[in-house]
Amino acid sequence: MDPITEQDIRSSFINCSKGAAKRLPVPRDLDELPWDDLDFLGWSDPAAPGRCYLVVPGDDGPVGVALRHQTAGSRRAQMCTFCSTTHSGGGVWLMSAPKAGEAGRRGNSVGTYICSDLDCSLYVRRKKAPVLGRPFRDDFDPAQRIAQLRENVNAFVARVSD
Ligand SMILES: [Zn+2]
């Protein structure tokens, strides 16, 4: 994805209030991130366990989604629905996003299982391997995995904004 600024990030959120988007912690190392290797930007709030965020490039600019998760992940091996990486030992969390607009204010949310470090972009490029879990298979095709990851993330964002 193309590099984005703190201002881009703060104005991109579709499922939290303007006030919350102004206060939420943005990664400090934006200048040093490997943007060429990222299909989306994902990070967690170090001061508030259970909260994390992702920003996805869209046709009309970046789209940000605020997420919540249970802080204790499952011990069982689980597969990320974004990048299909299997982790065990709590490396995948069930994350939920309040829906955008009125539906979200009524308490509706969308949930899915995602890598707890939100490094899906690095897993599909084989730049990072799961600490615990299955090693990459020989038939692993990064180009195909990248395309699939983008499709899955966009489908998730569409469900949140729907
Ligand atoms: Zn993942």
# chains A, B, ... in the order shown; residues from 1 in each chain; ligands from 1
>>> residues_near_ligand(ligand="ligand 1", cutoff="12 Å", atoms="only C-alpha atoms and all ligand atoms", output="number ranges by chain")
A: 39-40, 42, 78-87, 91-95, 112-126, 128-130, 145-146, 148-150, 152-153
>>> select_by_dssp(residues="region 18-127 of chain A", states="alpha helix (DSSP H)", output="list in words")
Lys18, Gly19, Ala20, Ala21, Lys22, Arg23, Gly101, Glu102, Ala103, Gly104, Arg105, Cys120, Ser121, Leu122, Tyr123 and Val124 of chain A
>>> write_last_selection(atoms="C-alpha atoms", output="mmCIF file, in the first residue's frame")
data_model
loop_
_atom_site.group_PDB
_atom_site.id
_atom_site.type_symbol
_atom_site.label_atom_id
_atom_site.label_comp_id
_atom_site.auth_asym_id
_atom_site.auth_seq_id
_atom_site.Cartn_x
_atom_site.Cartn_y
_atom_site.Cartn_z
ATOM 1 C CA LYS A 18 -14.646 11.409 15.557
ATOM 2 C CA GLY A 19 -13.511 11.982 19.141
ATOM 3 C CA ALA A 20 -12.303 8.408 19.517
ATOM 4 C CA ALA A 21 -10.521 8.579 16.156
ATOM 5 C CA LYS A 22 -8.737 11.724 17.340
ATOM 6 C CA ARG A 23 -7.563 10.092 20.573
ATOM 7 C CA GLY A 101 -23.367 4.059 11.356
ATOM 8 C CA GLU A 102 -26.769 3.344 12.855
ATOM 9 C CA ALA A 103 -26.334 -0.456 12.877
ATOM 10 C CA GLY A 104 -23.217 -0.084 15.030
ATOM 11 C CA ARG A 105 -24.952 2.326 17.407
ATOM 12 C CA CYS A 120 -0.950 -10.971 7.742
ATOM 13 C CA SER A 121 0.830 -9.020 4.968
ATOM 14 C CA LEU A 122 4.186 -10.366 6.143
ATOM 15 C CA TYR A 123 2.941 -13.951 6.508
ATOM 16 C CA VAL A 124 1.626 -14.078 2.926
#
>>> closest_residue(among="A:Cys16, A:Leu24, A:Val131, A:Val56", to="Ser88 (chain A)", atoms="only C-alpha atoms")
A:Val131
>>> closest_residue(among="A:Lys127, A:Arg75, A:Arg159, A:Arg10", to="Pro98 (chain A)", atoms="only C-alpha atoms")
A:Arg159
>>> select_by_dssp(residues="chain A", states="strand (DSSP E or B)", output="MDAnalysis selection string")
chainID A and resid 13 41:44 51:56 63:69 78:79 86:87 92:98 109:115
>>> residues_around(residues="region 57-61 of chain A", least_positions_apart="3", cutoff="10 Å", atoms="only C-alpha atoms", output="list of chain:residue names")
A:Met1, A:Asp2, A:Pro3, A:Ile4, A:Asp8, A:Ile9, A:Ser11, A:Ser12, A:Asp39, A:Phe40, A:Leu41, A:Gly64, A:Arg150, A:Asn154, A:Val157
>>> write_last_selection(atoms="N, CA and C atoms", output="mmCIF file, in the first residue's frame")
data_model
loop_
_atom_site.group_PDB
_atom_site.id
_atom_site.type_symbol
_atom_site.label_atom_id
_atom_site.label_comp_id
_atom_site.auth_asym_id
_atom_site.auth_seq_id
_atom_site.Cartn_x
_atom_site.Cartn_y
_atom_site.Cartn_z
ATOM 1 N N MET A 1 0.840 -1.190 0.000
ATOM 2 C CA MET A 1 0.000 0.000 0.000
ATOM 3 C C MET A 1 0.877 1.242 0.000
ATOM 4 N N ASP A 2 0.321 2.372 -0.399
ATOM 5 C CA ASP A 2 1.063 3.631 -0.355
ATOM 6 C C ASP A 2 1.162 4.109 1.094
ATOM 7 N N PRO A 3 2.273 4.768 1.447
ATOM 8 C CA PRO A 3 2.390 5.294 2.818
ATOM 9 C C PRO A 3 1.252 6.273 3.129
ATOM 10 N N ILE A 4 0.785 6.252 4.360
ATOM 11 C CA ILE A 4 -0.247 7.199 4.791
ATOM 12 C C ILE A 4 0.233 7.914 6.054
ATOM 13 N N ASP A 8 -4.230 11.047 7.719
ATOM 14 C CA ASP A 8 -4.986 10.107 6.876
ATOM 15 C C ASP A 8 -5.656 9.048 7.745
ATOM 16 N N ILE A 9 -4.860 8.553 8.705
ATOM 17 C CA ILE A 9 -5.354 7.462 9.551
ATOM 18 C C ILE A 9 -6.522 7.949 10.398
ATOM 19 N N SER A 11 -8.601 10.326 9.980
ATOM 20 C CA SER A 11 -9.838 10.668 9.274
ATOM 21 C C SER A 11 -10.431 9.476 8.516
ATOM 22 N N SER A 12 -9.814 8.277 8.669
ATOM 23 C CA SER A 12 -10.268 7.142 7.856
ATOM 24 C C SER A 12 -11.302 6.256 8.555
ATOM 25 N N ASP A 39 -0.397 -4.897 2.844
ATOM 26 C CA ASP A 39 -1.680 -4.778 2.144
ATOM 27 C C ASP A 39 -2.646 -3.959 2.978
ATOM 28 N N PHE A 40 -2.388 -3.914 4.274
ATOM 29 C CA PHE A 40 -3.144 -3.042 5.174
ATOM 30 C C PHE A 40 -2.260 -2.736 6.368
ATOM 31 N N LEU A 41 -2.603 -1.669 7.085
ATOM 32 C CA LEU A 41 -1.862 -1.307 8.291
ATOM 33 C C LEU A 41 -2.665 -1.792 9.491
ATOM 34 N N GLY A 64 -10.511 2.990 7.777
ATOM 35 C CA GLY A 64 -10.060 2.464 9.059
ATOM 36 C C GLY A 64 -11.184 1.768 9.805
ATOM 37 N N ARG A 150 -5.946 -9.616 0.130
ATOM 38 C CA ARG A 150 -6.610 -8.338 -0.196
ATOM 39 C C ARG A 150 -8.106 -8.536 -0.338
ATOM 40 N N ASN A 154 -10.830 -6.783 2.171
ATOM 41 C CA ASN A 154 -11.842 -5.908 1.588
ATOM 42 C C ASN A 154 -13.257 -6.413 1.873
ATOM 43 N N VAL A 157 -14.062 -5.423 5.450
ATOM 44 C CA VAL A 157 -14.375 -3.985 5.549
ATOM 45 C C VAL A 157 -15.770 -3.718 4.966
#
>>> residues_around(residues="Asp29 (chain A)", least_positions_apart="3", cutoff="12 Å", atoms="only C-alpha atoms", output="JSON, numbers by chain")
{"A": [3, 4, 5, 6, 25, 26, 32, 33, 34, 35, 41, 43]}
>>> atom_distance(atom1="CA of Ser96 (chain A)", atom2="CA of Ala48 (chain A)")
15.5 Å
>>> closest_residue(among="A:Asp45, A:Arg28, A:Gly89, A:Val55", to="Arg68 (chain A)", atoms="only C-alpha atoms")
A:Asp45
